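S.K.: Following this line is work37.pdb, made up of PDB, C-alpha atoms:
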```pdb
ATOM      1  CA  SER A1226      -3.582  24.149  -0.356
ATOM      2  CA  GLN A1227      -4.852  22.126   2.579
ATOM      3  CA  PRO A1228      -4.100  18.637   1.152
ATOM      4  CA  GLN A1229      -0.543  19.756   0.381
ATOM      5  CA  LEU A1230      -0.147  21.161   3.903
ATOM      6  CA  VAL A1231      -1.430  17.917   5.433
ATOM      7  CA  ALA A1232       0.960  15.918   3.226
ATOM      8  CA  GLU A1233       3.911  18.096   4.251
ATOM      9  CA  MET A1234       3.008  17.782   7.938
ATOM     10  CA  THR A1235       2.647  14.018   7.648
ATOM     11  CA  ASP A1236       5.996  13.845   5.875
ATOM     12  CA  ARG A1237       7.632  15.952   8.586
ATOM     13  CA  VAL A1238       6.183  13.797  11.391
ATOM     14  CA  GLN A1239       7.357  10.637   9.596
ATOM     15  CA  LYS A1240      10.873  12.074   9.257
ATOM     16  CA  GLN A1241      10.908  12.970  12.960
ATOM     17  CA  GLN A1242       9.730   9.465  13.877
ATOM     18  CA  ASP A1243      12.372   7.879  11.604
ATOM     19  CA  GLU A1244      15.061  10.075  13.124
ATOM     20  CA  ALA A1245      13.914   9.241  16.657
ATOM     21  CA  GLN A1246      13.979   5.525  15.867
ATOM     22  CA  HIS A1247      17.401   5.842  14.241
ATOM     23  CA  ASN A1248      18.738   7.608  17.352
ATOM     24  CA  ALA A1249      17.161   4.989  19.638
ATOM     25  CA  GLN A1250      18.726   2.214  17.537
ATOM     26  CA  GLY A1251      22.146   3.906  17.696
ATOM     27  CA  SER A1252      21.944   4.243  21.493
ATOM     28  CA  ALA A1253      20.783   0.634  21.845
ATOM     29  CA  MET A1254      23.655  -0.613  19.676
ATOM     30  CA  LYS A1255      26.182   1.163  21.917
ATOM     31  CA  LYS A1256      24.576  -0.333  25.023
ATOM     32  CA  ILE A1257      24.042  -3.871  23.713
ATOM     33  CA  GLY A1258      27.275  -4.194  21.734
ATOM     34  CA  LEU A1259      27.776  -5.915  18.377
ATOM     35  CA  ALA A1260      28.769  -9.271  19.915
ATOM     36  CA  ALA A1261      25.142  -9.891  21.022
ATOM     37  CA  PHE A1262      24.148 -10.135  17.345
ATOM     38  CA  PHE A1263      26.694 -12.906  16.762
ATOM     39  CA  ASP A1264      25.368 -15.222  19.474
ATOM     40  CA  PRO A1265      25.161 -18.701  17.865
ATOM     41  CA  LYS A1266      22.093 -19.503  19.999
ATOM     42  CA  ILE A1267      20.013 -17.052  17.944
ATOM     43  CA  ALA A1268      22.108 -16.415  14.808
ATOM     44  CA  PHE A1269      23.681 -18.496  12.102
ATOM     45  CA  VAL A1270      27.203 -17.107  12.153
ATOM     46  CA  THR A1271      29.751 -17.641   9.404
ATOM     47  CA  GLY A1272      33.001 -16.049   8.246
ATOM     48  CA  PRO A1273      36.287 -15.454  10.081
ATOM     49  CA  ALA A1274      35.999 -14.584  13.790
ATOM     50  CA  ASP A1275      38.640 -11.854  13.420
ATOM     51  CA  ALA A1276      37.058 -10.238  10.330
ATOM     52  CA  LYS A1277      37.161  -6.427  10.351
ATOM     53  CA  LYS A1278      33.892  -6.211   8.377
ATOM     54  CA  SER A1279      30.523  -7.598   9.437
ATOM     55  CA  ILE A1280      26.937  -7.915   8.229
ATOM     56  CA  VAL A1281      23.958  -8.813  10.425
ATOM     57  CA  GLU A1282      20.536  -9.364   8.851
ATOM     58  CA  PHE A1283      17.168  -9.681  10.603
ATOM     59  CA  TYR A1284      14.889 -11.233   7.994
ATOM     60  CA  ASP A1285      11.612 -12.964   7.247
ATOM     61  CA  TYR A1286      11.501 -15.417   4.335
ATOM     62  CA  ASP A1287       8.040 -14.180   3.334
ATOM     63  CA  CYS A1288       9.110 -10.515   3.233
ATOM     64  CA  PRO A1289       9.289  -9.050  -0.305
ATOM     65  CA  TYR A1290      11.967  -6.507   0.705
ATOM     66  CA  CYS A1291      14.182  -9.269   2.109
ATOM     67  CA  ARG A1292      13.803 -11.091  -1.192
ATOM     68  CA  ALA A1293      14.578  -7.915  -3.117
ATOM     69  CA  SER A1294      17.869  -7.643  -1.179
ATOM     70  CA  LEU A1295      18.893 -11.240  -1.930
ATOM     71  CA  PRO A1296      20.861 -10.636  -5.177
ATOM     72  CA  ALA A1297      23.072  -8.008  -3.496
ATOM     73  CA  ILE A1298      23.595 -10.079  -0.321
ATOM     74  CA  GLU A1299      24.266 -13.294  -2.241
ATOM     75  CA  LYS A1300      26.824 -11.585  -4.483
ATOM     76  CA  TYR A1301      28.529  -9.866  -1.539
ATOM     77  CA  TYR A1302      28.663 -13.153   0.386
ATOM     78  CA  ALA A1303      30.252 -14.972  -2.560
ATOM     79  CA  ALA A1304      32.928 -12.274  -2.899
ATOM     80  CA  HIS A1305      33.582 -11.635   0.810
ATOM     81  CA  LYS A1306      32.929 -14.826   2.795
ATOM     82  CA  GLN A1307      36.677 -15.016   3.548
ATOM     83  CA  ASP A1308      36.971 -11.480   4.964
ATOM     84  CA  THR A1309      33.519 -10.632   6.402
ATOM     85  CA  ARG A1310      31.632 -12.035   9.408
ATOM     86  CA  PHE A1311      27.962 -12.740   8.637
ATOM     87  CA  SER A1312      25.109 -13.186  11.110
ATOM     88  CA  LEU A1313      21.673 -14.352   9.935
ATOM     89  CA  ILE A1314      18.840 -13.843  12.436
ATOM     90  CA  GLU A1315      15.298 -15.175  12.102
ATOM     91  CA  PHE A1316      12.743 -12.402  12.592
ATOM     92  CA  PRO A1317       9.455 -13.871  11.298
ATOM     93  CA  LEU A1318       6.540 -11.418  11.226
ATOM     94  CA  PRO A1319       3.574 -13.619  10.218
ATOM     95  CA  ALA A1320       1.040 -10.856  10.943
ATOM     96  CA  LEU A1321       2.704  -8.779   8.200
ATOM     97  CA  HIS A1322       3.880 -11.405   5.742
ATOM     98  CA  GLY A1323       1.676 -14.491   6.083
ATOM     99  CA  PRO A1324       1.636 -17.797   7.979
ATOM    100  CA  GLY A1325       4.522 -19.248   5.981
ATOM    101  CA  ALA A1326       6.894 -16.878   7.786
ATOM    102  CA  ALA A1327       6.700 -18.682  11.151
ATOM    103  CA  LEU A1328       7.043 -22.164   9.642
ATOM    104  CA  ALA A1329       9.993 -21.102   7.463
ATOM    105  CA  ALA A1330      11.788 -19.653  10.510
ATOM    106  CA  LYS A1331      11.364 -22.912  12.447
ATOM    107  CA  VAL A1332      12.625 -25.050   9.558
ATOM    108  CA  SER A1333      15.509 -22.626   9.082
ATOM    109  CA  MET A1334      16.501 -23.010  12.746
ATOM    110  CA  ALA A1335      16.433 -26.802  12.341
ATOM    111  CA  ALA A1336      18.419 -26.544   9.093
ATOM    112  CA  ARG A1337      21.265 -24.853  10.968
ATOM    113  CA  LEU A1338      22.124 -28.236  12.453
ATOM    114  CA  GLN A1339      23.337 -29.149   8.944
ATOM    115  CA  PRO A1340      25.695 -26.138   8.809
ATOM    116  CA  ASP A1341      27.545 -27.100   5.626
ATOM    117  CA  ARG A1342      24.217 -26.979   3.729
ATOM    118  CA  TYR A1343      22.664 -24.051   5.554
ATOM    119  CA  ILE A1344      23.750 -21.085   3.420
ATOM    120  CA  ALA A1345      22.596 -22.874   0.251
ATOM    121  CA  PHE A1346      19.249 -23.554   1.936
ATOM    122  CA  HIS A1347      18.910 -19.953   3.161
ATOM    123  CA  PHE A1348      19.585 -18.444  -0.268
ATOM    124  CA  ALA A1349      17.324 -20.998  -2.016
ATOM    125  CA  LEU A1350      14.401 -20.271   0.310
ATOM    126  CA  MET A1351      14.906 -16.503   0.188
ATOM    127  CA  GLY A1352      14.883 -16.791  -3.602
ATOM    128  CA  ALA A1353      11.714 -18.906  -3.754
ATOM    129  CA  PRO A1354       9.553 -17.683  -6.653
ATOM    130  CA  ASP A1355       6.208 -17.884  -4.832
ATOM    131  CA  GLN A1356       4.751 -17.324  -1.382
ATOM    132  CA  ILE A1357       6.451 -19.417   1.269
ATOM    133  CA  ASP A1358       4.630 -22.641   2.086
ATOM    134  CA  THR A1359       5.573 -26.257   2.876
ATOM    135  CA  ALA A1360       6.270 -27.054  -0.790
ATOM    136  CA  ALA A1361       8.629 -24.055  -1.182
ATOM    137  CA  ILE A1362      10.476 -24.939   2.038
ATOM    138  CA  THR A1363      10.851 -28.606   1.007
ATOM    139  CA  ALA A1364      12.092 -27.580  -2.449
ATOM    140  CA  ALA A1365      14.730 -25.277  -0.926
ATOM    141  CA  ALA A1366      15.922 -27.985   1.493
ATOM    142  CA  GLU A1367      16.181 -30.558  -1.312
ATOM    143  CA  LYS A1368      17.984 -28.087  -3.581
ATOM    144  CA  ALA A1369      20.541 -27.489  -0.802
ATOM    145  CA  GLY A1370      21.098 -31.233  -0.422
ATOM    146  CA  MET A1371      19.762 -31.411   3.145
ATOM    147  CA  ASP A1372      19.202 -34.761   4.830
ATOM    148  CA  MET A1373      15.394 -34.571   5.006
ATOM    149  CA  LYS A1374      15.050 -37.205   7.751
ATOM    150  CA  LYS A1375      17.483 -35.331   9.981
ATOM    151  CA  LEU A1376      15.707 -32.061   9.209
ATOM    152  CA  ALA A1377      12.357 -33.546  10.298
ATOM    153  CA  LEU A1378      13.995 -34.884  13.466
ATOM    154  CA  TYR A1379      15.661 -31.543  14.306
ATOM    155  CA  MET A1380      12.314 -29.767  13.795
ATOM    156  CA  GLN A1381      11.076 -31.494  16.973
ATOM    157  CA  ASP A1382      13.643 -29.642  19.123
ATOM    158  CA  PRO A1383      11.635 -27.659  21.728
ATOM    159  CA  ASP A1384      14.417 -25.036  21.877
ATOM    160  CA  ILE A1385      13.652 -23.797  18.349
ATOM    161  CA  GLN A1386      10.727 -21.552  19.321
ATOM    162  CA  LYS A1387      12.631 -20.343  22.383
ATOM    163  CA  ARG A1388      15.538 -19.211  20.202
ATOM    164  CA  ILE A1389      13.207 -17.432  17.769
ATOM    165  CA  ASP A1390      11.601 -15.685  20.770
ATOM    166  CA  GLU A1391      15.096 -14.661  21.949
ATOM    167  CA  ALA A1392      15.794 -13.166  18.500
ATOM    168  CA  HIS A1393      12.552 -11.155  18.760
ATOM    169  CA  ALA A1394      13.585  -9.974  22.224
ATOM    170  CA  LEU A1395      16.968  -8.813  20.892
ATOM    171  CA  ALA A1396      15.182  -6.962  18.065
ATOM    172  CA  ARG A1397      12.911  -5.207  20.592
ATOM    173  CA  ARG A1398      15.888  -4.157  22.745
ATOM    174  CA  SER A1399      17.544  -2.810  19.583
ATOM    175  CA  HIS A1400      14.390  -0.890  18.462
ATOM    176  CA  ILE A1401      14.255  -3.052  15.320
ATOM    177  CA  ASP A1402      10.669  -3.598  14.182
ATOM    178  CA  GLY A1403      10.773  -4.473  10.497
ATOM    179  CA  THR A1404      12.486  -6.624   7.884
ATOM    180  CA  PRO A1405      14.969  -6.580   6.481
ATOM    181  CA  THR A1406      17.052  -4.725   9.049
ATOM    182  CA  PHE A1407      20.794  -4.892   8.500
ATOM    183  CA  ILE A1408      23.702  -3.960  10.710
ATOM    184  CA  PHE A1409      26.648  -3.070   8.466
ATOM    185  CA  ASN A1410      29.916  -2.793  10.415
ATOM    186  CA  GLY A1411      27.952  -1.889  13.557
ATOM    187  CA  LYS A1412      25.564   0.624  11.916
ATOM    188  CA  ILE A1413      21.863  -0.161  11.557
ATOM    189  CA  HIS A1414      20.215   0.165   8.142
ATOM    190  CA  ALA A1415      16.491  -0.529   7.784
ATOM    191  CA  GLY A1416      15.044  -1.633   4.448
ATOM    192  CA  ALA A1417      16.068  -3.318   1.232
ATOM    193  CA  VAL A1418      19.509  -2.873  -0.316
ATOM    194  CA  ASP A1419      20.781  -3.141  -3.859
ATOM    195  CA  GLU A1420      24.374  -3.756  -4.903
ATOM    196  CA  PRO A1421      25.624  -0.116  -5.052
ATOM    197  CA  THR A1422      23.946   0.727  -1.709
ATOM    198  CA  LEU A1423      25.425  -2.333  -0.036
ATOM    199  CA  ASP A1424      28.923  -1.611  -1.367
ATOM    200  CA  ALA A1425      28.694   2.039  -0.227
ATOM    201  CA  LEU A1426      27.438   1.068   3.256
ATOM    202  CA  MET A1427      30.219  -1.487   3.721
ATOM    203  CA  LYS A1428      32.845   1.089   2.749
ATOM    204  CA  SER A1429      31.527   3.840   5.038
TER     205      SER A1429
END
```
Please re-express this file's structure in structure tokens.
M.R.:
Amino acid sequence: SQPQLVAEMTDRVQKQQDEAQHNAQGSAMKKIGLAAFFDPKIAFVTGPADAKKSIVEFYDYDCPYCRASLPAIEKYYAAHKQDTRFSLIEFPLPALHGPGAALAAKVSMAARLQPDRYIAFHFALMGAPDQIDTAAITAAAEKAGMDMKKLALYMQDPDIQKRIDEAHALARRSHIDGTPTFIFNGKIHAGAVDEPTLDALMKS
């Protein structure tokens, strides 16, 4: 039938586009090199420098798929923070996810200047029950035990937007256009992950 034919053609085109993007991402990764994704100017980097395993995440706090991946990432981090290098990269997409995305990214960049509290803040905000707004961001910062006066002061840093722009530029060069996008041990994976998927990807 015609509708079925159209559906099959659409599906085939989508698969070809996905494959083309995957190939472009693979080529870009080889050219750019993994070290670029662990640049402390754009990423919050934690875990041993000589770790053999690594996870990079491009995320947006207002993205439902990023939130859906949180339980798996949080559990993996708790179990592997001593043997895996983690890189967290702000990739706010307010046009897709709402105005809270841009504000959350800026606060998150400022929160990195309290590094001992940052991971707690990141997980608290990613796990916020409602849409991201000022109240949700404040609640996450307080839950993480952030110094709120320092956070407000650090928010005034003019470099914050520049660093977020640099993260977007790195994403473009890497053919990354959505959240979450992970790089597991140097291989790009687009979309949400659950625990079994994450474990399998880190073993492969």
S.K.: The PyMOL selection byres ((chain A and resi 1386) around 12) - which residues does that actually catch in the file I just gave you? List them as a list of chain:residue names.
M.R.: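 For this structure, the PyMOL selection byres ((chain A and resi 1386) around 12) captures A:Lys1266, A:Ile1267, A:Glu1315, A:Phe1316, A:Pro1317, A:Ala1327, A:Leu1328, A:Ala1329, A:Ala1330, A:Lys1331, A:Val1332, A:Ser1333, A:Met1334, A:Ala1335, A:Met1380, A:Gln1381, A:Asp1382, A:Pro1383, A:Asp1384, A:Ile1385, A:Lys1387, A:Arg1388, A:Ile1389, A:Asp1390, A:Glu1391, A:Ala1392, A:His1393.
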S.K.: Would you pick out the contacts of Tyr1286 in chain A at 12 Å or less, using all atoms listed in the file, so that residues sharing its chain but fewer than 4 positions from it are not included, and give the list as an NGL selection string?
M.R.: :A and (1282 or 1290-1295 or 1313-1319 or 1321-1333 or 1346-1358 or 1361-1362 or 1365 or 1404-1405)
S.K.: Choose the residue, out of A:Lys1255, A:Lys1300, A:His1400, A:His1305, that has the smallest atom-to-atom separation from Lys1277 in chain A; count all atoms listed in the file.
M.R.: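 Among A:Lys1255, A:Lys1300, A:His1400, A:His1305, it is A:His1305 that comes nearest to Lys1277 in chain A.
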S.K.: Determine the nearest neighbour of Leu1423 in chain A from the options A:Ile1408, A:Cys1288, A:Leu1378, A:Ala1366, counting all atoms listed in the file.
M.R.: A:Ile1408
S.K.: With all atoms listed in the file as the atoms that count, which of A:Val1281, A:Ala1320, A:Ala1268, A:Leu1338 lies nearest to Ala1415 in chain A?
M.R.: A:Val1281
S.K.: Could you list as a list in words every residue that has an atom within 7 Å of (26.8, -22.6, 8.8), using the file's coordinates and counting all atoms listed in the file?
M.R.: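 Every residue inside that radius is included here: Phe1269, Val1270, Thr1271, Arg1337, Pro1340, Asp1341, Tyr1343 and Ile1344 of chain A.
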S.K.: Store the residues picked out above in a file with C-alpha atoms, as a PDB file, in the frame of the given file.
M.R.:
```pdb
ATOM      1  CA  PHE A1269      23.681 -18.496  12.102  1.00  0.00           C
ATOM      2  CA  VAL A1270      27.203 -17.107  12.153  1.00  0.00           C
ATOM      3  CA  THR A1271      29.751 -17.641   9.404  1.00  0.00           C
ATOM      4  CA  ARG A1337      21.265 -24.853  10.968  1.00  0.00           C
ATOM      5  CA  PRO A1340      25.695 -26.138   8.809  1.00  0.00           C
ATOM      6  CA  ASP A1341      27.545 -27.100   5.626  1.00  0.00           C
ATOM      7  CA  TYR A1343      22.664 -24.051   5.554  1.00  0.00           C
ATOM      8  CA  ILE A1344      23.750 -21.085   3.420  1.00  0.00           C
TER       9      ILE A1344
END
```
S.K.: Could you tell me how far CA of Ser1279 in chain A sits from CA of Ser1312 in chain A, in Å to one decimal place?
M.R.: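 CA of Ser1312 in chain A sits 8.0 Å away from CA of Ser1279 in chain A.
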S.K.: Please report the interatomic distance between CA of Ile1401 in chain A and CA of Phe1263 in chain A in Å with one decimal.
M.R.: 15.9 Å
S.K.: Draw an axis-aligned box over all listed atoms of range 1337-1351 of chain A, pad each side with 4 Å, and write its centre and edge lengths in Å, one decimal, as AutoDock Vina command-line options.
M.R.:
```
--center_x 21.0 --center_y -22.8 --center_z 5.2 --size_x 21.1 --size_y 20.6 --size_z 22.5
```
S.K.: One decimal, Å: what's the distance from CA of Met1371 in chain A over to CA of Arg1310 in chain A, could you say?
M.R.: 23.6 Å
S.K.: Taking all atoms listed in the file into account, which of A:Ala1249, A:Lys1278, A:Tyr1301, A:Lys1374 comes nearest Lys1428 in chain A?
M.R.: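 Result for the nearest residue to Lys1428 in chain A: A:Lys1278.
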S.K.: So which one's closest to Asp1424 in chain A, A:Lys1368, A:Ala1297, A:Phe1407, A:Leu1259? Using all atoms listed in the file, please.
M.R.: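 Selected residue with least distance to Asp1424 in chain A: A:Ala1297.
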S.K.: Could you tell me which of A:Asp1287, A:Glu1299, A:Ile1257, A:Ile1280 comes closest to Asp1419 in chain A if we count all atoms listed in the file?
M.R.: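 Selected residue with least distance to Asp1419 in chain A: A:Glu1299.
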S.K.: Tell me which protein, DNA and RNA residues are within 7 Å of Thr1406 in chain A, counting only C-alpha atoms, leaving out same-chain ones fewer than 3 positions away, and put them as a PDB file with C-alpha atoms, keeping the file's coordinate frame.
M.R.:
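To be explicit, this is the file written out as selection17.pdb:
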```pdb
ATOM      1  CA  GLU A1282      20.536  -9.364   8.851  1.00  0.00           C
ATOM      2  CA  PHE A1283      17.168  -9.681  10.603  1.00  0.00           C
ATOM      3  CA  TYR A1284      14.889 -11.233   7.994  1.00  0.00           C
ATOM      4  CA  GLY A1403      10.773  -4.473  10.497  1.00  0.00           C
ATOM      5  CA  HIS A1414      20.215   0.165   8.142  1.00  0.00           C
ATOM      6  CA  ALA A1415      16.491  -0.529   7.784  1.00  0.00           C
ATOM      7  CA  GLY A1416      15.044  -1.633   4.448  1.00  0.00           C
TER       8      GLY A1416
END
```
